[in-house]
Structure formats: structure tokens, C-alpha cells
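Heads up: the structure comes next, in C-alpha cells.
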Amino acid sequence: MNSITNTAQLTIQNTNIPKINSNVDDKELREQTDAFEAVIIKMLMDNAAKNDTDLFSSQKDPGDKIYKSMYRDELSKASAGGFGFSQMLYDYLSREK
């Protein structure tokens, strides 16, 4: 068991940890972290709306699911950057290691 632990530690020490390119513009990094947060928010909203019932109409429109999905997608993009995931990821990726 000790040899496995020692081998694992040596492997971890010998691997090169990839570093973030410090020449990358901070604006581009912020855009990417906001886009990632938008994906997380969209997944949360899709999961919450899985059992969504229409309160105003019992009819099923042909594109109802598509329109609601598009609405949630745009809503998640508009609200990205305000939940804190983007800021935490930005802070982590912009630190120099």
C-alpha cells in the first residue's frame, strides 16, 4: 500500500499542471466564465421546468417546448454574471500559480 501511495505522489509531482496564459485578455476570460455560468443556470432552469404545467391554457401548441426552451436560454444568458459562479471561476482562473 505504501508503494502505491509513493508512486501516486511521484506521479503527481512529475506532472506538469497546465497554466493559464497570462497574455489572454481579461475581457475574454470574463466572457467565457459568464458563458459557463449561463450554461449552469440554463441546466437549473430546464430541470426546474421539467414538470412545468401551463396555468393559462390546456392546449399544447406545436412549438411550446421549443419556445420555452429558447426563452430559458435567453434568460440564462441575460442573468449570467450575477449568481457568483462566474466570479468564482474568474478569480480562480486569473490567479497566478
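Letters A, B, ... mark the chains of the C-alpha cells in the order given; residue numbers begin at 1 per chain; ligand numbers begin at 1, in order shown.
Every protein, DNA or RNA residue with an atom at most 8 Å from A:Ala80, where only C-alpha atoms count and chain neighbours fewer than 5 positions away do not, is listed here: Asp34, Ala35, Glu37, Ala38, Ile41 and Ser86 of chain A.
Nearest-residue note for A:Ser69: choosing from A:Tyr92, A:Asp26, A:Met45, A:Gly84, the minimum distance belongs to A:Met45, counting only C-alpha atoms.
You will find atom CA of A:Leu29 at 8.3 Å from atom CA of A:Ser94.
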> If you count only C-alpha atoms, which residues fall within 12 Å of A:Lys50, apart from same-chain ones fewer than 6 positions away, as a list in words?
Replying inline: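 The filter keeps Met43, Leu44, Lys65, Lys68 and Ser69 of chain A.
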> If you measure from atom CA of A:Ser76 to atom CA of A:Lys42, what distance in Å do you get, rounded to one decimal?
Replying inline: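 Separating atom CA of A:Ser76 from atom CA of A:Lys42 is a distance of 5.4 Å.
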>> Could you tell me how far atom CA of A:Glu74 sits from atom CA of A:Lys60, in Å to one decimal place?
In response: 22.1 Å
>> So, with only C-alpha atoms as the atoms that count, which of A:Tyr71, A:Lys27, A:Gln32, A:Gly63 lies closest to A:Ala49?
In response: A:Tyr71
> Nearest to A:Ala78 among A:Ala48, A:Leu93, A:Val39, A:Pro62, with distances taken over only C-alpha atoms: which residue is it?
Replying inline: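 Of A:Ala48, A:Leu93, A:Val39, A:Pro62, the one nearest A:Ala78, counting only C-alpha atoms, is A:Val39.
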